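Structure file input.cif; described as mmCIF, C-alpha atoms and all ligand atoms.
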data_query
loop_
_atom_site.label_atom_id
_atom_site.label_comp_id
_atom_site.auth_asym_id
_atom_site.auth_seq_id
_atom_site.Cartn_x
_atom_site.Cartn_y
_atom_site.Cartn_z
CA MET D 1193 0.00 0.00 0.00
CA THR D 1194 2.84 2.40 0.69
CA ARG D 1195 4.68 1.57 -2.54
CA ILE D 1196 6.01 4.81 -4.07
CA THR D 1197 4.52 5.55 -7.48
CA SER D 1198 5.88 9.02 -8.11
CA ILE D 1199 8.13 11.74 -6.74
CA SER D 1200 8.02 15.37 -7.87
CA LEU D 1201 10.71 17.86 -7.00
CA ARG D 1202 10.50 21.63 -7.28
CA ARG D 1203 12.28 24.81 -6.22
CA VAL D 1204 10.46 26.80 -3.54
CA LEU D 1205 11.45 29.79 -1.42
CA ASP D 1206 13.05 29.45 1.99
CA SER D 1207 12.70 32.08 4.72
CA ARG D 1208 15.77 33.98 3.47
CA GLY D 1209 14.28 34.13 -0.02
CA ASN D 1210 16.72 31.56 -1.36
CA PRO D 1211 15.64 28.61 -3.49
CA THR D 1212 15.31 25.29 -1.69
CA VAL D 1213 14.07 21.80 -2.63
CA GLU D 1214 10.52 20.61 -2.02
CA ALA D 1215 9.57 16.97 -2.65
CA ASP D 1216 6.14 15.39 -3.10
CA VAL D 1217 5.84 11.62 -2.71
CA LEU D 1218 2.77 9.68 -3.88
CA THR D 1219 2.03 6.05 -3.10
CA GLU D 1220 -0.05 3.48 -4.97
CA SER D 1221 -2.96 3.75 -2.53
CA GLY D 1222 -3.04 7.53 -2.82
CA GLY D 1223 -0.84 8.40 0.16
CA PHE D 1224 0.73 11.84 -0.15
CA GLY D 1225 3.69 13.41 1.64
CA ARG D 1226 5.51 16.71 1.13
CA GLY D 1227 8.89 17.69 2.59
CA ALA D 1228 11.09 20.74 2.13
CA ALA D 1229 14.79 21.11 2.92
CA PRO D 1230 15.99 23.82 5.29
CA SER D 1231 19.38 25.52 4.88
CA GLY D 1232 22.10 26.63 7.31
CA ALA D 1233 24.23 29.78 7.32
CA SER D 1234 26.69 28.83 10.07
CA THR D 1235 27.16 25.37 8.61
CA GLY D 1236 29.56 22.87 10.11
CA GLU D 1237 32.64 21.84 8.15
CA TYR D 1238 31.58 18.17 8.28
CA GLU D 1239 27.93 18.49 7.22
CA ALA D 1240 26.45 16.65 4.26
CA ILE D 1241 26.60 18.79 1.14
CA GLU D 1242 23.82 21.11 0.04
CA LEU D 1243 23.91 21.70 -3.72
CA PRO D 1244 22.30 24.65 -5.51
CA ALA D 1245 18.60 23.71 -5.57
CA ASN D 1246 18.32 23.35 -9.35
CA GLU D 1247 21.46 21.16 -9.55
CA SER D 1248 20.28 19.01 -6.68
CA ILE D 1249 16.85 18.55 -8.26
CA ALA D 1250 18.31 17.62 -11.65
CA ALA D 1251 20.69 15.08 -10.09
CA ALA D 1252 17.98 13.58 -7.86
CA ARG D 1253 15.56 13.29 -10.79
CA GLU D 1254 18.17 11.42 -12.78
CA HIS D 1255 19.63 9.15 -10.09
CA ALA D 1256 17.28 8.87 -7.11
CA VAL D 1257 13.72 9.05 -8.43
CA PRO D 1258 13.96 5.98 -10.71
CA ARG D 1259 15.41 3.92 -7.84
CA LEU D 1260 12.72 4.99 -5.42
CA GLU D 1261 9.72 4.17 -7.58
CA GLY D 1262 8.42 0.84 -6.29
CA VAL D 1263 10.08 1.14 -2.86
CA TYR D 1264 7.73 1.03 0.17
CA ALA D 1265 7.48 4.49 1.74
CA GLY D 1266 6.55 2.79 5.02
CA ASP D 1267 9.97 1.11 5.05
CA GLN D 1268 11.97 4.23 5.87
CA ARG D 1269 15.29 2.36 5.96
CA ALA D 1270 14.66 1.06 2.42
CA VAL D 1271 13.83 4.57 1.18
CA ASP D 1272 16.95 6.02 2.78
CA SER D 1273 19.20 3.17 1.57
CA ALA D 1274 17.94 3.80 -1.96
CA LEU D 1275 18.81 7.48 -1.55
CA ARG D 1276 22.31 6.59 -0.36
CA ALA D 1277 22.78 4.08 -3.19
CA ALA D 1278 21.56 6.61 -5.76
CA ASP D 1279 24.06 9.15 -4.44
CA GLY D 1280 27.04 6.85 -3.95
CA THR D 1281 29.09 9.28 -1.81
CA ASP D 1282 29.43 9.62 1.98
CA ASP D 1283 28.24 13.21 2.09
CA PHE D 1284 25.44 13.33 -0.51
CA SER D 1285 27.60 15.49 -2.75
CA ALA D 1286 26.17 13.81 -5.89
CA ILE D 1287 22.45 14.46 -5.45
CA GLY D 1288 22.66 16.99 -2.60
CA ALA D 1289 21.54 16.51 0.99
CA ASN D 1290 18.79 19.03 0.22
CA SER D 1291 17.00 16.71 -2.22
CA ALA D 1292 17.81 13.68 -0.07
CA VAL D 1293 16.30 15.10 3.11
CA ALA D 1294 13.25 16.52 1.31
CA ILE D 1295 12.51 13.10 -0.23
CA SER D 1296 13.24 11.22 3.01
CA MET D 1297 10.81 13.42 4.97
CA ALA D 1298 8.17 13.37 2.22
CA ALA D 1299 8.28 9.56 2.10
CA ALA D 1300 7.73 9.35 5.87
CA LYS D 1301 4.76 11.68 5.59
CA ALA D 1302 3.30 9.69 2.68
CA ALA D 1303 3.58 6.50 4.75
CA ALA D 1304 1.90 8.18 7.73
CA ASP D 1305 -0.85 9.35 5.39
CA VAL D 1306 -1.50 5.80 4.16
CA LEU D 1307 -1.51 4.51 7.73
CA GLY D 1308 -3.86 7.31 8.81
CA ALA D 1309 -1.48 8.09 11.67
CA PRO D 1310 0.14 11.37 12.62
CA LEU D 1311 3.78 11.53 11.54
CA TYR D 1312 5.12 11.47 15.12
CA GLN D 1313 3.27 8.21 15.76
CA HIS D 1314 4.46 6.59 12.53
CA LEU D 1315 8.06 7.57 13.36
CA GLY D 1316 7.87 6.95 17.11
CA GLY D 1317 5.67 3.86 17.18
CA ALA D 1318 2.77 2.86 19.37
CA PHE D 1319 4.82 2.77 22.58
CA ARG D 1320 6.30 6.22 22.21
CA GLY D 1321 6.35 8.03 25.58
CA GLU D 1322 4.14 10.86 26.68
CA ASN D 1323 6.95 13.39 26.98
CA PHE D 1324 7.16 16.60 25.03
CA PRO D 1325 10.28 18.62 24.25
CA ILE D 1326 11.03 21.95 25.92
CA PRO D 1327 11.33 24.63 23.21
CA LEU D 1328 14.54 26.65 23.21
CA GLY D 1329 13.61 30.04 21.74
CA ASN D 1330 16.08 32.36 20.09
CA VAL D 1331 15.40 35.88 21.43
CA VAL D 1332 18.65 37.76 20.70
CA GLY D 1333 21.19 36.88 18.06
CA GLY D 1334 23.98 37.88 15.77
CA GLY D 1335 26.96 36.03 14.37
CA GLU D 1336 26.30 34.66 10.90
CA HIS D 1337 22.56 35.35 11.31
CA ALA D 1338 22.72 39.15 11.57
CA LYS D 1339 25.34 41.79 10.82
CA GLU D 1340 26.38 44.44 13.40
CA ALA D 1341 24.86 42.52 16.30
CA THR D 1342 26.25 40.23 19.02
CA HIS D 1343 29.26 37.98 18.39
CA ILE D 1344 27.43 35.12 20.12
CA GLN D 1345 25.03 33.71 17.56
CA GLU D 1346 22.00 32.92 19.76
CA PHE D 1347 20.63 33.76 23.20
CA LEU D 1348 17.90 31.20 23.83
CA ALA D 1349 15.05 31.33 26.34
CA ALA D 1350 14.62 27.96 28.08
CA PRO D 1351 11.28 27.65 29.93
CA VAL D 1352 12.41 24.60 31.90
CA GLY D 1353 9.62 24.84 34.49
CA ALA D 1354 6.70 25.23 32.07
CA PRO D 1355 3.85 22.87 32.92
CA SER D 1356 2.88 22.36 29.27
CA VAL D 1357 4.16 22.76 25.72
CA SER D 1358 1.70 25.56 25.12
CA GLU D 1359 2.79 27.53 28.19
CA ALA D 1360 6.43 27.03 27.20
CA VAL D 1361 5.84 28.28 23.66
CA PHE D 1362 3.98 31.37 24.90
CA ALA D 1363 6.62 32.03 27.57
CA ASN D 1364 9.32 32.17 24.89
CA ALA D 1365 7.22 34.59 22.84
CA ALA D 1366 6.78 36.70 25.99
CA VAL D 1367 10.57 36.75 26.55
CA HIS D 1368 11.00 37.85 22.94
CA ALA D 1369 8.55 40.71 23.56
CA ALA D 1370 10.20 41.57 26.90
CA VAL D 1371 13.59 41.82 25.19
CA ALA D 1372 12.06 44.43 22.86
CA ASP D 1373 10.84 46.38 25.92
CA VAL D 1374 14.21 46.25 27.66
CA LEU D 1375 16.02 47.35 24.49
CA ASP D 1376 13.52 50.17 24.04
CA GLU D 1377 14.06 51.35 27.61
CA ARG D 1378 17.79 51.44 26.90
CA GLY D 1379 17.22 53.38 23.67
CA VAL D 1380 18.66 50.58 21.52
CA PRO D 1381 17.08 50.11 18.09
CA ALA D 1382 16.94 46.50 16.94
CA ALA D 1383 16.23 44.78 13.66
CA LYS D 1384 15.65 41.04 13.50
CA GLY D 1385 18.08 38.35 12.40
CA ASP D 1386 17.43 35.39 10.11
CA GLU D 1387 15.59 33.39 12.76
CA GLY D 1388 13.40 36.24 14.03
CA ALA D 1389 15.52 36.98 17.10
CA TRP D 1390 16.31 40.61 17.93
CA ALA D 1391 19.68 41.62 16.49
CA PRO D 1392 20.68 44.71 18.49
CA PRO D 1393 23.99 46.53 17.95
CA ILE D 1394 25.18 45.86 21.51
CA SER D 1395 28.08 44.00 23.10
CA ASP D 1396 27.73 40.40 24.21
CA ALA D 1397 28.07 41.57 27.83
CA ASP D 1398 25.10 43.94 27.40
CA ALA D 1399 23.08 41.22 25.66
CA PHE D 1400 23.51 38.98 28.75
CA GLU D 1401 22.06 41.77 30.91
CA VAL D 1402 19.16 42.39 28.53
CA VAL D 1403 18.19 38.73 28.24
CA ASP D 1404 18.62 38.13 31.97
CA GLU D 1405 16.30 41.07 32.70
CA ALA D 1406 13.70 39.96 30.12
CA VAL D 1407 13.71 36.38 31.46
CA ASP D 1408 13.26 37.66 35.06
CA ARG D 1409 10.27 39.78 34.08
CA VAL D 1410 8.50 36.94 32.28
CA GLU D 1411 9.38 34.45 35.03
CA ASP D 1412 7.69 36.77 37.58
CA ASP D 1413 4.69 36.98 35.31
CA VAL D 1414 4.16 33.31 34.47
CA GLY D 1415 5.26 31.87 37.81
CA PHE D 1416 7.45 29.03 36.53
CA GLU D 1417 11.17 28.71 36.02
CA ILE D 1418 12.67 30.17 32.86
CA ARG D 1419 16.40 30.03 32.31
CA PHE D 1420 18.39 30.83 29.24
CA GLY D 1421 21.13 29.36 27.12
CA LEU D 1422 23.42 30.09 24.19
CA ASP D 1423 24.49 28.90 20.80
CA MET D 1424 27.97 30.39 20.57
CA ALA D 1425 28.61 28.87 17.11
CA ALA D 1426 32.27 29.13 18.10
CA ALA D 1427 33.61 27.56 14.91
CA GLU D 1428 32.60 30.85 13.28
CA LEU D 1429 34.55 32.82 15.93
CA TYR D 1430 37.65 30.62 15.79
CA ASP D 1431 40.47 31.82 13.57
CA ASP D 1432 42.72 28.94 12.53
CA ASP D 1433 45.64 31.22 11.67
CA GLU D 1434 45.50 33.06 14.99
CA GLY D 1435 44.64 29.87 16.90
CA ALA D 1436 42.19 31.98 18.90
CA TYR D 1437 38.55 33.00 19.22
CA VAL D 1438 37.98 36.45 17.76
CA TYR D 1439 35.37 38.79 19.29
CA GLY D 1440 35.79 41.97 17.25
CA ASP D 1441 38.98 43.60 18.54
CA GLU D 1442 39.47 41.05 21.30
CA THR D 1443 40.78 37.52 21.08
CA LYS D 1444 40.67 34.60 23.50
CA SER D 1445 42.97 31.60 23.55
CA THR D 1446 41.31 28.19 23.87
CA GLY D 1447 42.02 28.14 27.61
CA GLU D 1448 40.52 31.62 27.99
CA GLN D 1449 37.45 30.56 26.00
CA VAL D 1450 36.93 27.56 28.31
CA ASP D 1451 37.24 29.85 31.37
CA TYR D 1452 34.93 32.45 29.80
CA VAL D 1453 32.17 29.91 29.11
CA ALA D 1454 32.54 28.22 32.51
CA ASP D 1455 32.20 31.66 34.17
CA LEU D 1456 29.11 32.47 32.08
CA VAL D 1457 27.49 29.19 33.10
CA GLU D 1458 28.16 30.09 36.73
CA GLU D 1459 27.12 33.73 36.55
CA TYR D 1460 23.91 33.32 34.56
CA ASP D 1461 23.02 29.77 35.59
CA LEU D 1462 22.88 28.89 31.89
CA ALA D 1463 20.72 25.87 31.10
CA TYR D 1464 22.37 25.18 27.77
CA VAL D 1465 25.53 26.05 25.81
CA GLU D 1466 25.82 24.93 22.20
CA ASP D 1467 29.10 24.91 20.28
CA PRO D 1468 31.13 26.82 22.87
CA LEU D 1469 34.34 25.69 21.15
CA ASP D 1470 35.66 25.03 17.67
CA GLU D 1471 34.26 22.04 15.75
CA ASN D 1472 37.69 20.38 15.61
CA ASP D 1473 38.49 20.69 19.30
CA TYR D 1474 37.10 17.59 21.04
CA GLU D 1475 39.67 18.03 23.81
CA ALA D 1476 38.53 21.52 24.83
CA PHE D 1477 34.90 20.36 24.63
CA ALA D 1478 35.83 17.53 27.01
CA GLU D 1479 37.58 19.92 29.40
CA LEU D 1480 34.58 22.25 29.54
CA THR D 1481 32.16 19.32 29.93
CA ASP D 1482 34.27 18.06 32.81
CA ARG D 1483 34.06 21.47 34.48
CA VAL D 1484 30.40 22.37 34.06
CA GLY D 1485 28.67 19.38 32.45
CA ASP D 1486 27.05 18.44 35.77
CA ARG D 1487 25.02 21.65 35.83
CA THR D 1488 24.36 22.54 32.19
CA LEU D 1489 23.99 20.99 28.77
CA ILE D 1490 27.10 21.32 26.64
CA CYS D 1491 25.81 20.63 23.15
CA GLY D 1492 27.64 19.70 19.95
CA ASP D 1493 26.13 21.05 16.72
CA ASP D 1494 28.97 21.77 14.28
CA LEU D 1495 31.03 19.37 16.41
CA PHE D 1496 28.81 16.33 15.72
CA VAL D 1497 26.76 17.34 12.62
CA THR D 1498 24.20 14.59 13.41
CA ASN D 1499 26.85 12.08 12.39
CA VAL D 1500 27.24 8.82 14.35
CA GLU D 1501 30.98 8.59 13.74
CA ARG D 1502 31.63 12.07 15.05
CA LEU D 1503 29.28 11.49 17.97
CA GLN D 1504 31.04 8.19 18.79
CA GLU D 1505 34.36 10.03 18.94
CA GLY D 1506 32.79 12.61 21.26
CA ILE D 1507 31.41 9.89 23.53
CA GLU D 1508 34.84 8.25 23.75
CA LYS D 1509 36.52 11.55 24.59
CA GLY D 1510 33.83 12.85 26.98
CA ALA D 1511 33.18 15.83 24.71
CA ALA D 1512 29.78 17.49 25.38
CA ASN D 1513 26.80 15.83 27.01
CA SER D 1514 24.19 16.54 24.36
CA ILE D 1515 23.80 16.67 20.60
CA LEU D 1516 21.95 18.97 18.24
CA ILE D 1517 20.00 16.97 15.67
CA LYS D 1518 19.45 18.48 12.22
CA PRO D 1519 18.24 16.01 9.57
CA ASN D 1520 19.70 18.01 6.68
CA GLN D 1521 23.18 17.85 8.23
CA ILE D 1522 23.24 14.12 7.49
CA GLY D 1523 20.66 13.76 4.70
CA THR D 1524 18.10 11.13 5.77
CA LEU D 1525 15.70 10.36 8.61
CA SER D 1526 17.31 6.92 9.11
CA ASP D 1527 20.72 8.48 9.71
CA THR D 1528 19.05 11.03 11.98
CA PHE D 1529 17.44 8.28 14.06
CA ASP D 1530 20.76 6.44 14.29
CA ALA D 1531 22.36 9.55 15.82
CA VAL D 1532 19.47 9.98 18.27
CA GLU D 1533 19.69 6.33 19.34
CA LEU D 1534 23.46 6.41 19.83
CA ALA D 1535 23.06 9.57 21.91
CA ALA D 1536 20.30 8.04 24.05
CA ARG D 1537 22.27 4.83 24.66
CA ASN D 1538 25.15 6.92 25.98
CA GLY D 1539 23.21 9.34 28.14
CA TYR D 1540 23.54 12.29 25.75
CA GLU D 1541 20.49 14.58 25.66
CA THR D 1542 19.05 15.31 22.21
CA ILE D 1543 17.90 18.69 20.90
CA ILE D 1544 16.04 18.56 17.59
CA SER D 1545 16.74 21.72 15.59
CA HIS D 1546 15.62 23.95 12.76
CA ARG D 1547 18.08 25.77 10.48
CA SER D 1548 18.44 29.51 10.03
CA GLY D 1549 16.92 29.17 6.54
CA GLU D 1550 13.57 27.41 6.97
CA THR D 1551 10.25 26.62 5.30
CA GLU D 1552 6.74 25.88 6.61
CA ASP D 1553 7.72 22.19 6.91
CA THR D 1554 6.83 20.85 10.38
CA THR D 1555 8.69 17.53 10.34
CA ILE D 1556 11.04 18.46 13.19
CA ALA D 1557 8.11 18.98 15.60
CA HIS D 1558 7.02 15.39 14.91
CA LEU D 1559 10.59 14.14 15.07
CA ALA D 1560 11.12 15.69 18.50
CA VAL D 1561 8.00 14.01 19.90
CA ALA D 1562 8.69 10.70 18.13
CA THR D 1563 12.22 10.45 19.52
CA ASP D 1564 11.38 11.65 23.02
CA ALA D 1565 13.86 14.52 22.66
CA GLY D 1566 14.37 16.66 25.73
CA PHE D 1567 14.39 19.89 23.72
CA ILE D 1568 13.50 21.40 20.37
CA LYS D 1569 15.22 24.50 19.05
CA THR D 1570 13.02 26.20 16.50
CA GLY D 1571 12.93 29.93 17.11
CA THR D 1572 10.26 32.00 18.79
CA VAL D 1573 8.40 34.11 16.23
CA GLY D 1574 8.10 34.31 12.43
CA GLY D 1575 5.88 32.09 10.27
CA GLU D 1576 8.46 29.43 9.44
CA ARG D 1577 9.27 29.13 13.19
CA THR D 1578 5.70 29.28 14.50
CA ALA D 1579 4.77 26.58 11.94
CA LYS D 1580 6.79 24.11 14.05
CA LEU D 1581 5.80 25.57 17.43
CA ASN D 1582 2.10 25.54 16.58
CA GLU D 1583 2.38 21.98 15.28
CA LEU D 1584 3.94 21.00 18.60
CA VAL D 1585 1.00 22.60 20.41
CA ARG D 1586 -1.38 20.63 18.15
CA ILE D 1587 0.48 17.37 18.77
CA ALA D 1588 0.31 17.92 22.54
CA ASP D 1589 -3.40 18.67 22.13
CA ASP D 1590 -3.90 15.47 20.09
CA ALA D 1591 -5.11 17.59 17.20
CA VAL D 1592 -3.03 16.51 14.22
C1 LIG R 1 20.36 26.82 13.58
C2 LIG R 1 21.65 27.13 13.47
O1 LIG R 1 22.12 27.93 12.49
P1 LIG R 1 22.40 27.45 10.98
O2 LIG R 1 21.14 26.80 10.49
O3 LIG R 1 22.73 28.72 10.29
O4 LIG R 1 23.53 26.48 11.06
C3 LIG R 1 22.65 26.66 14.45
O5 LIG R 1 23.84 26.96 14.31
O6 LIG R 1 22.28 25.94 15.37
MG MG R 2 24.34 25.82 16.26
#
For this file, write the structure as structure tokens.
Amino acid sequence: MTRITSISLRRVLDSRGNPTVEADVLTESGGFGRGAAPSGASTGEYEAIELPANESIAAAREHAVPRLEGVYAGDQRAVDSALRAADGTDDFSAIGANSAVAISMAAAKAAADVLGAPLYQHLGGAFRGENFPIPLGNVVGGGEHAKEATHIQEFLAAPVGAPSVSEAVFANAAVHAAVADVLDERGVPAAKGDEGAWAPPISDADAFEVVDEAVDRVEDDVGFEIRFGLDMAAAELYDDDEGAYVYGDETKSTGEQVDYVADLVEEYDLAYVEDPLDENDYEAFAELTDRVGDRTLICGDDLFVTNVERLQEGIEKGAANSILIKPNQIGTLSDTFDAVELAARNGYETIISHRSGETEDTTIAHLAVATDAGFIKTGTVGGERTAKLNELVRIADDAV
């Protein structure tokens, strides 16, 4: 019943206005699934390769579509093996991880459609738990996502005490609004960055004060615990030639960066720190994890790129205690699940994540519920972000 009869691929807009790949999968019993690839700006060096959308579509039409016709969409591993075989490289550089992930997600949705089950249930199975992820919401940002703003890429509200998904989602939106108030009171004008976070022209030190103040105000209002965290995207700050982290006119050696982050964790009781160190520095990740990993999540994004081999190396070295999961970093849902399972078996928390360039696709909301992820990082405001947040609210409300 879930046998694939046709796949259509097209170029659609992402949230930055760039072309991305959308895939439609149809099955013989009329099942339909649609998936669209997101796109990163601060991409990790070891990610699967995104090709220009038109090149990726042409290559996938030639090599992948003929192999996939006749494969059962309900057999996700078979779909994803066919994608890998069609590509023939380790990093999807032949057909592009953008076409691969769009097709992989569309096939899963087509299978769920045939089964008459929501996607999270198809992916997670009947005995999936009742847990829902805590949304990490980007409220202030800079780095590669906004010019003339903070060096740290993301300041993320973390409503760890929220009694429900819905209250958590609204708390993050309230922190986003409170940040605007605090900036206004300080006379700071702010545009928005790629993910809808405020991108004020202030120092990182000032941004900590602003976010801390905004979180306190909303915490008082809602009456449950809200903390905050960071995505430092430190591979973008690290200069190989200087062997140091560059913050405008200032630089920090690796040892100074470890001390700086450990102090920030202490001072602001940070719940979460993603990519605090360069993507090639497992040792410094391990040192920081040793120092503060008992009281915060040290998360590898560019470090692990949703890749089981890189995660295995991290586990062996004690680098980080959590992993960011982005399906397009690795190219298929099967590879994504493998990374989640390896993380879970080794006590690493998982955070399912959007990209800075997004579409209305809601797959990651289902993925987070299906895999029992502790967190989902998918912005705070903006249509392509609220698409996932609202879907999460619907899933929790049993309304998908
Ligand atoms: C979402 C992120 O940004 P990008 O998609 O630009 O890699 C990130 O770094 O976690
Ligand atoms: Mg990141």
For ligand LIG 1 (chain R), return the neighbouring residues as a list in words (distance at most 8 Å; all atoms listed in the file).
Pro1230, Ser1231, Gly1232, Ala1233, Ser1234, Thr1235, Gly1236, Glu1336, His1337, Gln1345, Asp1423, Ala1425, Glu1466, Asp1493, Asp1494, Leu1516, Ser1545, His1546, Arg1547, Ser1548, Gly1549, Lys1569 and Thr1570 of chain D
Taking (19.0, 13.5, -2.6) in the file's coordinates, which residues come within 7 Å, counting all atoms listed in the file, written as a list in words?
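Result, sorted by chain then residue number: Ser1248, Ala1252, Ala1256, Leu1275, Asp1279, Phe1284, Ile1287, Gly1288, Ala1289, Asn1290, Ser1291, Ala1292, Val1293 and Ile1295 of chain D.
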Saved selection, atoms kept: C-alpha atoms, as an mmCIF file, in the frame of the given file:
data_model
loop_
_atom_site.group_PDB
_atom_site.id
_atom_site.type_symbol
_atom_site.label_atom_id
_atom_site.label_comp_id
_atom_site.auth_asym_id
_atom_site.auth_seq_id
_atom_site.Cartn_x
_atom_site.Cartn_y
_atom_site.Cartn_z
ATOM 1 C CA SER D 1248 20.280 19.010 -6.680
ATOM 2 C CA ALA D 1252 17.980 13.580 -7.860
ATOM 3 C CA ALA D 1256 17.280 8.870 -7.110
ATOM 4 C CA LEU D 1275 18.810 7.480 -1.550
ATOM 5 C CA ASP D 1279 24.060 9.150 -4.440
ATOM 6 C CA PHE D 1284 25.440 13.330 -0.510
ATOM 7 C CA ILE D 1287 22.450 14.460 -5.450
ATOM 8 C CA GLY D 1288 22.660 16.990 -2.600
ATOM 9 C CA ALA D 1289 21.540 16.510 0.990
ATOM 10 C CA ASN D 1290 18.790 19.030 0.220
ATOM 11 C CA SER D 1291 17.000 16.710 -2.220
ATOM 12 C CA ALA D 1292 17.810 13.680 -0.070
ATOM 13 C CA VAL D 1293 16.300 15.100 3.110
ATOM 14 C CA ILE D 1295 12.510 13.100 -0.230
#
Got a sec: who's within 6 Å of D:Tyr1264, counting only C-alpha atoms, leaving out chain neighbours fewer than 3 positions off, as a ChimeraX atom specification?
/D:1194-1196,1267
Work out how far atom CA of D:Ala1277 is from atom CA of D:Ala1299, in Å to one decimal.
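Rounded to one decimal, the two atoms are 16.4 Å apart.
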What lies within 12 Å of stretch 1219-1223 of chain D using all atoms listed in the file, ignoring chain neighbours under 6 positions off, as a list of chain:residue names?
D:Met1193, D:Thr1194, D:Arg1195, D:Ile1196, D:Thr1197, D:Ser1198, D:Ile1199, D:Leu1260, D:Glu1261, D:Gly1262, D:Val1263, D:Tyr1264, D:Ala1265, D:Gly1266, D:Ala1298, D:Ala1299, D:Ala1300, D:Lys1301, D:Ala1302, D:Ala1303, D:Ala1304, D:Asp1305, D:Val1306, D:Leu1307, D:Gly1308, D:Ala1309
Which residues come within 7 Å of stretch 1427-1438 of chain D, counting all atoms listed in the file, excluding same-chain residues fewer than 6 positions away, as a short mmCIF file (atom, residue, chain, number, x, y, z; two decimals) with C-alpha atoms, in the frame of the given file?
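Result written to out34.cif:
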data_model
loop_
_atom_site.label_atom_id
_atom_site.label_comp_id
_atom_site.auth_asym_id
_atom_site.auth_seq_id
_atom_site.Cartn_x
_atom_site.Cartn_y
_atom_site.Cartn_z
CA LYS D 1444 40.67 34.60 23.50
CA SER D 1445 42.97 31.60 23.55
CA THR D 1446 41.31 28.19 23.87
CA LEU D 1469 34.34 25.69 21.15
CA ASP D 1470 35.66 25.03 17.67
CA GLU D 1471 34.26 22.04 15.75
#
